[in-house]
Amino acid sequence: MKTPARAFAFAALLALLSTHAAAAPRWWQRAVFYEIYPRSFQDTNGDGVGDLNGITRRLDYLRALGVDAVWVTPFYPSPQVDFGYDVSDYEDVDPQFGTLADFDRLVKEAHKRNIRVVIDFVLNHTSDRHPFFIESRSSKTSRKRDWYVWRDPKPDGSRPNNWSSSFGPVAWTLDEKTGQYFYHYFYPQQPELNWRNPEVERRMLETVRFWLKRGADGFRLDAVNYLYEDPQLRDNPVLPELRFGSTTEHEQEKKYNRDLPEVQDAMVRLRAFNDRVNPESVLIGEAYVPKWEELMRYYGPSNNGVHLPFNFFLVMEPARSKLDAKVFRSVIEASEKALQGRWTTYVLSNHDIPRHYDRLGDGKNNDLIAKLTATMLLSLRGSPFLYYGEEIGMVTTEPKTVEEVRDPVGKRYWPLRKGRDGERTPMQWDASTHAGFTTGAPWLPVPPSAKEKNVAAQERDPDSLLNFYKRLIALRRRSPALLDGDYASLGDDPHVYAYRRRAPGQTAIVALNMSAERRAFKLPPVMRAGPFVYNVALSSRPAPGHARGVSGELTLAPFEAVILTARSL
Ligand code: NOJ
């Protein structure tokens, strides 16, 4: 029989173990994520559109790159008005992307290679062809009428309020048959679900169960901050500035249709459900918000909300378009201050944003600058999200004429706004016709740069961007400081953005020369006695002296990025 003292010691040991278990980093905190836009990654059946089997075919490439998880954007049955973000069946695969069996195979093969599969969950709206909406639209007394946001016109017949749509111009469409308007923050073909109806929530949670049971490792939650609308549908304040692309429409402060407090409660319920089905899976929330304080709410009142609210501050002005040490330092410092130790994500490009290769490039040194921005992305305190093709320096290739445009928003606002086709062009695998993406006619043209800029060519060149990404990811994987260390900015040099990451046993210093001049960078004083030398763990422009390590001052070549490591006490 256990004595009370032994029982106590045993309980204390268990408690200690469980505290340690709780503190251990979760897989998604150490993962390098890689976003795949399936239409554009790899086609295997010659129809010019990528597919799930194409992703499976390229898993060895992703493993060699060092990716830990892929996020696959929507592949569900869809009329493809918004290229999959208009879902007409949540529990199947669109035939152009494959079948459920293909999905199962993708998950199985990915897991064999230690790659997790995160999928997109479009929970804010459905397609107007989804059976839910078809039923809802059929009559004012339909059982699913209240699954969407329907309102009578104003007495003069006009729309219920002034809300604009993200894709312009207005967020209400009149249904002639029933005489009411329905609300759509995005295209009219994407009616908004009414999350105030508990049946909607229950049904959407079933979708979560469906995919987790099939082996998905988590969800990227699309447009999650738009789930709820003001019940009184008050008008949004209109701002003086014109909206991007328009000469007549004004921006609005989305006071009554974005980030309502009810969203945070829904995220807590979603997380609880998710954790019951598979506590290992991750929830990543897409929420473009103007201020850090607003994003923090998505973590939940006791970190019981979304695990990773997407941090978009590196793709918002001024960091979005300016390679400037002062700007990056201040954006990251603001993030660190707001986060108070919570985990975050970092991202420089995605399927909605022009690629950073040319956005932050100066047109002359783009490859060097891409190595520098990669170094930053992969060494900050957070989980990096790469966007397919950034590892080979794919460029944003916008359509040249309005006839070529595929993204409806580009058609509407042409020529001021050309839509998002530019960042969605096919992956460039080799120098063959259509860059090895398809044997058919690609759904978007392959950029001319694919002849030189492709995976096969860069695999052969030791100094290529691709090989640099591989070295960088490999270094990150074995560096406790880069994986788990704390963050502190170093100095206030207007040209060199530098920081320290420190974990028990290892310190890393990252120095990024964001200028076209040579710059001296003073190394921080060491924390232990005796002569001290940092190892140059990685440089984007390796120099002969680097092999011996550095101390005192370091000279950085134009746009050089350096990671130094040292053993810390
Ligand atoms: C955000 C997605 O990233 C974007 O591509 C899509 O158009 C909207 N949400 C609507 O689903």
# chains A, B, ... in the order shown; residues from 1 in each chain; ligands from 1
>>> residues_near_ligand(ligand="ligand 1", cutoff="9 Å", atoms="only C-alpha atoms and all ligand atoms", output="number ranges by chain")
A: 73, 82-86, 122-126, 166-167, 185-187, 190, 221-224, 286-287, 350-352, 420
>>> write_last_selection(atoms="N, CA, C and O atoms", output="mmCIF file, in the first residue's frame")
data_model
loop_
_atom_site.group_PDB
_atom_site.id
_atom_site.type_symbol
_atom_site.label_atom_id
_atom_site.label_comp_id
_atom_site.auth_asym_id
_atom_site.auth_seq_id
_atom_site.Cartn_x
_atom_site.Cartn_y
_atom_site.Cartn_z
ATOM 1 N N THR A 73 -5.118 25.161 -50.120
ATOM 2 C CA THR A 73 -6.298 26.030 -50.245
ATOM 3 C C THR A 73 -7.439 25.198 -50.869
ATOM 4 O O THR A 73 -7.226 24.068 -51.323
ATOM 5 N N ASP A 82 -14.827 31.996 -57.217
ATOM 6 C CA ASP A 82 -13.680 32.531 -56.465
ATOM 7 C C ASP A 82 -12.627 31.426 -56.303
ATOM 8 O O ASP A 82 -11.981 31.305 -55.278
ATOM 9 N N PHE A 83 -12.507 30.620 -57.341
ATOM 10 C CA PHE A 83 -11.507 29.549 -57.399
ATOM 11 C C PHE A 83 -11.462 28.697 -56.131
ATOM 12 O O PHE A 83 -10.409 28.488 -55.532
ATOM 13 N N GLY A 84 -12.642 28.223 -55.749
ATOM 14 C CA GLY A 84 -12.718 27.257 -54.657
ATOM 15 C C GLY A 84 -13.192 27.858 -53.347
ATOM 16 O O GLY A 84 -13.631 27.120 -52.457
ATOM 17 N N TYR A 85 -13.102 29.168 -53.214
ATOM 18 C CA TYR A 85 -13.595 29.793 -51.976
ATOM 19 C C TYR A 85 -15.112 29.982 -52.024
ATOM 20 O O TYR A 85 -15.680 30.730 -51.248
ATOM 21 N N ASP A 86 -15.748 29.332 -52.991
ATOM 22 C CA ASP A 86 -17.207 29.293 -53.081
ATOM 23 C C ASP A 86 -17.565 27.799 -53.090
ATOM 24 O O ASP A 86 -17.607 27.158 -54.127
ATOM 25 N N VAL A 122 -13.832 27.090 -45.339
ATOM 26 C CA VAL A 122 -14.510 28.334 -45.716
ATOM 27 C C VAL A 122 -15.837 28.367 -44.952
ATOM 28 O O VAL A 122 -16.859 27.897 -45.447
ATOM 29 N N LEU A 123 -15.793 28.878 -43.746
ATOM 30 C CA LEU A 123 -16.953 28.748 -42.858
ATOM 31 C C LEU A 123 -17.829 29.988 -42.807
ATOM 32 O O LEU A 123 -18.896 29.975 -42.200
ATOM 33 N N ASN A 124 -17.388 31.059 -43.453
ATOM 34 C CA ASN A 124 -18.146 32.314 -43.392
ATOM 35 C C ASN A 124 -19.260 32.369 -44.435
ATOM 36 O O ASN A 124 -20.276 33.007 -44.236
ATOM 37 N N HIS A 125 -19.051 31.681 -45.550
ATOM 38 C CA HIS A 125 -20.016 31.748 -46.658
ATOM 39 C C HIS A 125 -19.964 30.440 -47.444
ATOM 40 O O HIS A 125 -18.986 29.697 -47.345
ATOM 41 N N THR A 126 -21.015 30.191 -48.221
ATOM 42 C CA THR A 126 -21.002 29.029 -49.112
ATOM 43 C C THR A 126 -21.066 29.563 -50.541
ATOM 44 O O THR A 126 -21.133 30.770 -50.755
ATOM 45 N N SER A 166 -16.131 43.264 -50.234
ATOM 46 C CA SER A 166 -14.672 43.281 -50.384
ATOM 47 C C SER A 166 -14.281 43.339 -51.862
ATOM 48 O O SER A 166 -13.270 43.923 -52.223
ATOM 49 N N PHE A 167 -15.098 42.715 -52.692
ATOM 50 C CA PHE A 167 -14.782 42.675 -54.122
ATOM 51 C C PHE A 167 -15.580 43.716 -54.901
ATOM 52 O O PHE A 167 -15.571 43.722 -56.120
ATOM 53 N N TYR A 185 -20.370 39.389 -48.157
ATOM 54 C CA TYR A 185 -19.226 40.298 -48.037
ATOM 55 C C TYR A 185 -18.303 40.136 -49.240
ATOM 56 O O TYR A 185 -17.627 41.063 -49.641
ATOM 57 N N PHE A 186 -18.317 38.929 -49.833
ATOM 58 C CA PHE A 186 -17.453 38.706 -51.009
ATOM 59 C C PHE A 186 -18.331 38.747 -52.269
ATOM 60 O O PHE A 186 -19.239 39.571 -52.338
ATOM 61 N N TYR A 187 -18.090 37.882 -53.258
ATOM 62 C CA TYR A 187 -18.893 37.949 -54.489
ATOM 63 C C TYR A 187 -20.354 37.596 -54.196
ATOM 64 O O TYR A 187 -20.636 36.858 -53.234
ATOM 65 N N GLN A 190 -21.248 34.184 -53.230
ATOM 66 C CA GLN A 190 -20.745 33.683 -51.934
ATOM 67 C C GLN A 190 -21.618 34.226 -50.786
ATOM 68 O O GLN A 190 -21.148 35.024 -49.962
ATOM 69 N N LEU A 221 -8.727 28.908 -41.276
ATOM 70 C CA LEU A 221 -10.118 29.365 -41.232
ATOM 71 C C LEU A 221 -10.254 30.624 -42.076
ATOM 72 O O LEU A 221 -9.713 31.676 -41.729
ATOM 73 N N ASP A 222 -10.981 30.493 -43.171
ATOM 74 C CA ASP A 222 -11.082 31.588 -44.135
ATOM 75 C C ASP A 222 -11.940 32.732 -43.590
ATOM 76 O O ASP A 222 -13.032 32.494 -43.063
ATOM 77 N N ALA A 223 -11.469 33.944 -43.763
ATOM 78 C CA ALA A 223 -12.240 35.173 -43.492
ATOM 79 C C ALA A 223 -13.015 35.096 -42.179
ATOM 80 O O ALA A 223 -14.165 35.524 -42.087
ATOM 81 N N VAL A 224 -12.344 34.585 -41.159
ATOM 82 C CA VAL A 224 -13.067 34.237 -39.946
ATOM 83 C C VAL A 224 -13.592 35.470 -39.206
ATOM 84 O O VAL A 224 -14.563 35.402 -38.453
ATOM 85 N N GLU A 286 -7.654 33.246 -40.490
ATOM 86 C CA GLU A 286 -7.354 34.365 -41.391
ATOM 87 C C GLU A 286 -8.158 35.575 -40.951
ATOM 88 O O GLU A 286 -9.386 35.591 -41.062
ATOM 89 N N ALA A 287 -7.475 36.580 -40.434
ATOM 90 C CA ALA A 287 -8.169 37.800 -39.996
ATOM 91 C C ALA A 287 -7.254 38.979 -40.278
ATOM 92 O O ALA A 287 -6.282 39.196 -39.552
ATOM 93 N N ASN A 350 1.167 35.420 -50.204
ATOM 94 C CA ASN A 350 0.140 34.373 -50.281
ATOM 95 C C ASN A 350 -0.692 34.565 -51.543
ATOM 96 O O ASN A 350 -0.352 35.426 -52.376
ATOM 97 N N HIS A 351 -1.769 33.786 -51.686
ATOM 98 C CA HIS A 351 -2.512 33.793 -52.944
ATOM 99 C C HIS A 351 -3.378 35.044 -53.124
ATOM 100 O O HIS A 351 -4.066 35.170 -54.130
ATOM 101 N N ASP A 352 -3.360 35.938 -52.142
ATOM 102 C CA ASP A 352 -4.119 37.185 -52.259
ATOM 103 C C ASP A 352 -3.209 38.413 -52.352
ATOM 104 O O ASP A 352 -3.712 39.534 -52.439
ATOM 105 N N ARG A 420 -5.912 38.911 -58.697
ATOM 106 C CA ARG A 420 -4.887 38.138 -57.987
ATOM 107 C C ARG A 420 -4.247 37.053 -58.843
ATOM 108 O O ARG A 420 -3.498 36.218 -58.337
#
>>> select_by_dssp(residues="stretch 459-527 of chain A", states="alpha helix (DSSP H)", output="VMD selection string")
chain A and resid 459 to 460 465 to 478 480 to 484
>>> atom_distance(atom1="atom CA of A:Leu475", atom2="atom CA of A:Val117")
23.0 Å
>>> residues_around(residues="A:Val268", least_positions_apart="2", cutoff="10 Å", atoms="only C-alpha atoms", output="VMD selection string")
chain A and resid 263 to 266 270 to 274 298 to 306
>>> residues_around(residues="stretch 358-367 of chain A", least_positions_apart="6", cutoff="8 Å", atoms="only C-alpha atoms", output="list in words")
Arg320, Ser321, Lys322, Leu323, Gly393, Val395, Thr396 and Leu465 of chain A
>>> write_last_selection(atoms="N, CA and C atoms", output="short mmCIF file (atom, residue, chain, number, x, y, z; two decimals), in the first residue's frame")
data_model
loop_
_atom_site.label_atom_id
_atom_site.label_comp_id
_atom_site.auth_asym_id
_atom_site.auth_seq_id
_atom_site.Cartn_x
_atom_site.Cartn_y
_atom_site.Cartn_z
N ARG A 320 4.77 46.18 -46.13
CA ARG A 320 4.37 45.50 -47.35
C ARG A 320 5.25 45.87 -48.54
N SER A 321 5.63 47.13 -48.64
CA SER A 321 6.26 47.55 -49.89
C SER A 321 7.60 48.23 -49.69
N LYS A 322 8.17 48.10 -48.53
CA LYS A 322 9.39 48.86 -48.25
C LYS A 322 10.41 47.99 -47.56
N LEU A 323 11.54 47.77 -48.18
CA LEU A 323 12.61 47.04 -47.49
C LEU A 323 13.38 48.06 -46.67
N GLY A 393 11.99 32.10 -56.19
CA GLY A 393 11.91 33.50 -56.61
C GLY A 393 10.90 33.74 -57.73
N VAL A 395 8.01 35.39 -59.75
CA VAL A 395 7.65 36.81 -59.79
C VAL A 395 6.14 36.95 -60.02
N THR A 396 5.60 38.04 -59.56
CA THR A 396 4.19 38.34 -59.80
C THR A 396 4.05 38.63 -61.30
N LEU A 465 18.65 30.38 -54.95
CA LEU A 465 17.72 30.73 -53.87
C LEU A 465 17.16 29.45 -53.25
#
>>> residues_around(residues="A:Ala566", least_positions_apart="5", cutoff="6 Å", atoms="only C-alpha atoms", output="PyMOL selection string")
chain A and resi 506-507+534
>>> write_last_selection(atoms="C-alpha atoms", output="compact mmCIF listing (two decimals), in the first residue's frame")
# COMPACT_ATOMS: atom_id res chain seq x y z
CA GLN A 506 22.29 28.65 -27.63
CA THR A 507 22.18 32.25 -28.77
CA TYR A 534 30.46 33.70 -32.94
>>> residues_around(residues="A:Arg220", least_positions_apart="2", cutoff="8 Å", atoms="only C-alpha atoms", output="list in words")
Trp71, Val118, Ile119, Asp120, Phe121, Gly218, Asp222, Leu283, Ile284, Gly285 and Glu286 of chain A
>>> decode(residues="stretch 525-560 of chain A", atoms="N, CA, C and O atoms", output="mmCIF file, in the first residue's frame")
data_model
loop_
_atom_site.group_PDB
_atom_site.id
_atom_site.type_symbol
_atom_site.label_atom_id
_atom_site.label_comp_id
_atom_site.auth_asym_id
_atom_site.auth_seq_id
_atom_site.Cartn_x
_atom_site.Cartn_y
_atom_site.Cartn_z
ATOM 1 N N PRO A 525 27.959 42.510 -26.852
ATOM 2 C CA PRO A 525 28.940 41.946 -25.914
ATOM 3 C C PRO A 525 28.517 40.549 -25.480
ATOM 4 O O PRO A 525 27.328 40.236 -25.421
ATOM 5 N N VAL A 526 29.500 39.755 -25.187
ATOM 6 C CA VAL A 526 29.186 38.368 -24.856
ATOM 7 C C VAL A 526 28.782 38.241 -23.403
ATOM 8 O O VAL A 526 29.062 39.103 -22.594
ATOM 9 N N MET A 527 28.129 37.147 -23.094
ATOM 10 C CA MET A 527 27.611 36.996 -21.747
ATOM 11 C C MET A 527 28.500 36.118 -20.879
ATOM 12 O O MET A 527 28.099 35.691 -19.830
ATOM 13 N N ARG A 528 29.635 35.764 -21.384
ATOM 14 C CA ARG A 528 30.514 34.972 -20.524
ATOM 15 C C ARG A 528 31.942 35.484 -20.665
ATOM 16 O O ARG A 528 32.254 36.173 -21.631
ATOM 17 N N ALA A 529 32.737 35.158 -19.707
ATOM 18 C CA ALA A 529 34.094 35.697 -19.679
ATOM 19 C C ALA A 529 34.947 35.042 -20.763
ATOM 20 O O ALA A 529 34.597 34.012 -21.309
ATOM 21 N N GLY A 530 36.052 35.696 -21.069
ATOM 22 C CA GLY A 530 37.024 35.090 -21.976
ATOM 23 C C GLY A 530 36.815 35.517 -23.413
ATOM 24 O O GLY A 530 35.833 36.168 -23.734
ATOM 25 N N PRO A 531 37.760 35.190 -24.294
ATOM 26 C CA PRO A 531 37.638 35.536 -25.704
ATOM 27 C C PRO A 531 36.427 34.827 -26.285
ATOM 28 O O PRO A 531 36.116 33.705 -25.898
ATOM 29 N N PHE A 532 35.779 35.491 -27.161
ATOM 30 C CA PHE A 532 34.509 34.947 -27.607
ATOM 31 C C PHE A 532 34.342 35.113 -29.102
ATOM 32 O O PHE A 532 34.581 36.165 -29.649
ATOM 33 N N VAL A 533 33.901 34.067 -29.735
ATOM 34 C CA VAL A 533 33.753 34.093 -31.181
ATOM 35 C C VAL A 533 32.389 33.522 -31.548
ATOM 36 O O VAL A 533 31.984 32.500 -31.015
ATOM 37 N N TYR A 534 31.726 34.241 -32.406
ATOM 38 C CA TYR A 534 30.461 33.700 -32.943
ATOM 39 C C TYR A 534 30.765 32.847 -34.173
ATOM 40 O O TYR A 534 31.621 33.213 -34.977
ATOM 41 N N ASN A 535 30.034 31.790 -34.325
ATOM 42 C CA ASN A 535 30.158 31.021 -35.569
ATOM 43 C C ASN A 535 29.227 31.615 -36.608
ATOM 44 O O ASN A 535 28.085 31.951 -36.286
ATOM 45 N N VAL A 536 29.712 31.714 -37.833
ATOM 46 C CA VAL A 536 28.806 32.143 -38.899
ATOM 47 C C VAL A 536 28.050 30.886 -39.335
ATOM 48 O O VAL A 536 28.582 30.043 -40.053
ATOM 49 N N ALA A 537 26.830 30.759 -38.849
ATOM 50 C CA ALA A 537 26.070 29.544 -39.151
ATOM 51 C C ALA A 537 25.557 29.587 -40.580
ATOM 52 O O ALA A 537 25.393 28.551 -41.232
ATOM 53 N N LEU A 538 25.284 30.794 -41.075
ATOM 54 C CA LEU A 538 24.778 30.930 -42.442
ATOM 55 C C LEU A 538 24.962 32.367 -42.897
ATOM 56 O O LEU A 538 24.732 33.301 -42.131
ATOM 57 N N SER A 539 25.377 32.523 -44.144
ATOM 58 C CA SER A 539 25.417 33.864 -44.727
ATOM 59 C C SER A 539 24.880 33.766 -46.145
ATOM 60 O O SER A 539 25.100 32.763 -46.831
ATOM 61 N N SER A 540 24.185 34.817 -46.564
ATOM 62 C CA SER A 540 23.692 34.807 -47.944
ATOM 63 C C SER A 540 24.820 35.161 -48.909
ATOM 64 O O SER A 540 24.670 35.018 -50.118
ATOM 65 N N ARG A 541 25.955 35.674 -48.376
ATOM 66 C CA ARG A 541 27.104 35.991 -49.216
ATOM 67 C C ARG A 541 28.372 35.527 -48.497
ATOM 68 O O ARG A 541 29.163 36.356 -48.016
ATOM 69 N N PRO A 542 28.569 34.229 -48.398
ATOM 70 C CA PRO A 542 29.682 33.735 -47.588
ATOM 71 C C PRO A 542 31.024 34.319 -48.032
ATOM 72 O O PRO A 542 31.286 34.430 -49.231
ATOM 73 N N ALA A 543 31.843 34.717 -47.051
ATOM 74 C CA ALA A 543 33.171 35.275 -47.340
ATOM 75 C C ALA A 543 34.206 34.348 -46.722
ATOM 76 O O ALA A 543 33.901 33.641 -45.767
ATOM 77 N N PRO A 544 35.457 34.367 -47.255
ATOM 78 C CA PRO A 544 36.472 33.433 -46.748
ATOM 79 C C PRO A 544 36.671 33.507 -45.230
ATOM 80 O O PRO A 544 36.780 32.497 -44.558
ATOM 81 N N GLY A 545 36.696 34.742 -44.663
ATOM 82 C CA GLY A 545 36.950 34.901 -43.225
ATOM 83 C C GLY A 545 35.895 34.242 -42.350
ATOM 84 O O GLY A 545 36.141 33.929 -41.189
ATOM 85 N N HIS A 546 34.717 34.027 -42.905
ATOM 86 C CA HIS A 546 33.612 33.502 -42.106
ATOM 87 C C HIS A 546 33.927 32.163 -41.454
ATOM 88 O O HIS A 546 33.419 31.866 -40.381
ATOM 89 N N ALA A 547 34.748 31.376 -42.136
ATOM 90 C CA ALA A 547 35.009 30.028 -41.634
ATOM 91 C C ALA A 547 35.612 30.066 -40.238
ATOM 92 O O ALA A 547 35.405 29.167 -39.431
ATOM 93 N N ARG A 548 36.359 31.144 -39.929
ATOM 94 C CA ARG A 548 37.034 31.217 -38.622
ATOM 95 C C ARG A 548 36.114 31.752 -37.520
ATOM 96 O O ARG A 548 36.497 31.840 -36.380
ATOM 97 N N GLY A 549 34.927 32.183 -37.901
ATOM 98 C CA GLY A 549 34.049 32.792 -36.895
ATOM 99 C C GLY A 549 34.346 34.274 -36.783
ATOM 100 O O GLY A 549 35.318 34.771 -37.351
ATOM 101 N N VAL A 550 33.506 35.011 -36.067
ATOM 102 C CA VAL A 550 33.669 36.465 -35.985
ATOM 103 C C VAL A 550 33.494 36.945 -34.561
ATOM 104 O O VAL A 550 32.784 36.333 -33.760
ATOM 105 N N SER A 551 34.152 38.083 -34.259
ATOM 106 C CA SER A 551 33.943 38.724 -32.963
ATOM 107 C C SER A 551 34.113 40.220 -33.172
ATOM 108 O O SER A 551 34.639 40.648 -34.201
ATOM 109 N N GLY A 552 33.674 41.024 -32.215
ATOM 110 C CA GLY A 552 33.830 42.483 -32.319
ATOM 111 C C GLY A 552 32.865 43.082 -33.318
ATOM 112 O O GLY A 552 31.707 43.323 -33.009
ATOM 113 N N GLU A 553 33.363 43.291 -34.534
ATOM 114 C CA GLU A 553 32.526 43.937 -35.539
ATOM 115 C C GLU A 553 32.455 43.065 -36.781
ATOM 116 O O GLU A 553 33.409 42.381 -37.118
ATOM 117 N N LEU A 554 31.350 43.137 -37.440
ATOM 118 C CA LEU A 554 31.168 42.315 -38.641
ATOM 119 C C LEU A 554 30.849 43.256 -39.793
ATOM 120 O O LEU A 554 30.060 44.180 -39.634
ATOM 121 N N THR A 555 31.503 43.035 -40.939
ATOM 122 C CA THR A 555 31.155 43.857 -42.101
ATOM 123 C C THR A 555 30.165 43.075 -42.942
ATOM 124 O O THR A 555 30.404 41.919 -43.298
ATOM 125 N N LEU A 556 29.078 43.732 -43.244
ATOM 126 C CA LEU A 556 28.037 43.072 -44.046
ATOM 127 C C LEU A 556 28.098 43.603 -45.473
ATOM 128 O O LEU A 556 28.088 44.827 -45.694
ATOM 129 N N ALA A 557 28.127 42.702 -46.417
ATOM 130 C CA ALA A 557 28.091 43.105 -47.829
ATOM 131 C C ALA A 557 26.682 43.643 -48.147
ATOM 132 O O ALA A 557 25.746 43.419 -47.374
ATOM 133 N N PRO A 558 26.519 44.368 -49.281
ATOM 134 C CA PRO A 558 25.186 44.854 -49.631
ATOM 135 C C PRO A 558 24.149 43.724 -49.569
ATOM 136 O O PRO A 558 24.385 42.630 -50.092
ATOM 137 N N PHE A 559 23.066 43.976 -48.928
ATOM 138 C CA PHE A 559 21.927 43.058 -48.767
ATOM 139 C C PHE A 559 22.316 41.704 -48.156
ATOM 140 O O PHE A 559 21.595 40.719 -48.312
ATOM 141 N N GLU A 560 23.431 41.684 -47.469
ATOM 142 C CA GLU A 560 23.821 40.402 -46.864
ATOM 143 C C GLU A 560 22.954 40.083 -45.631
ATOM 144 O O GLU A 560 22.607 40.967 -44.842
#
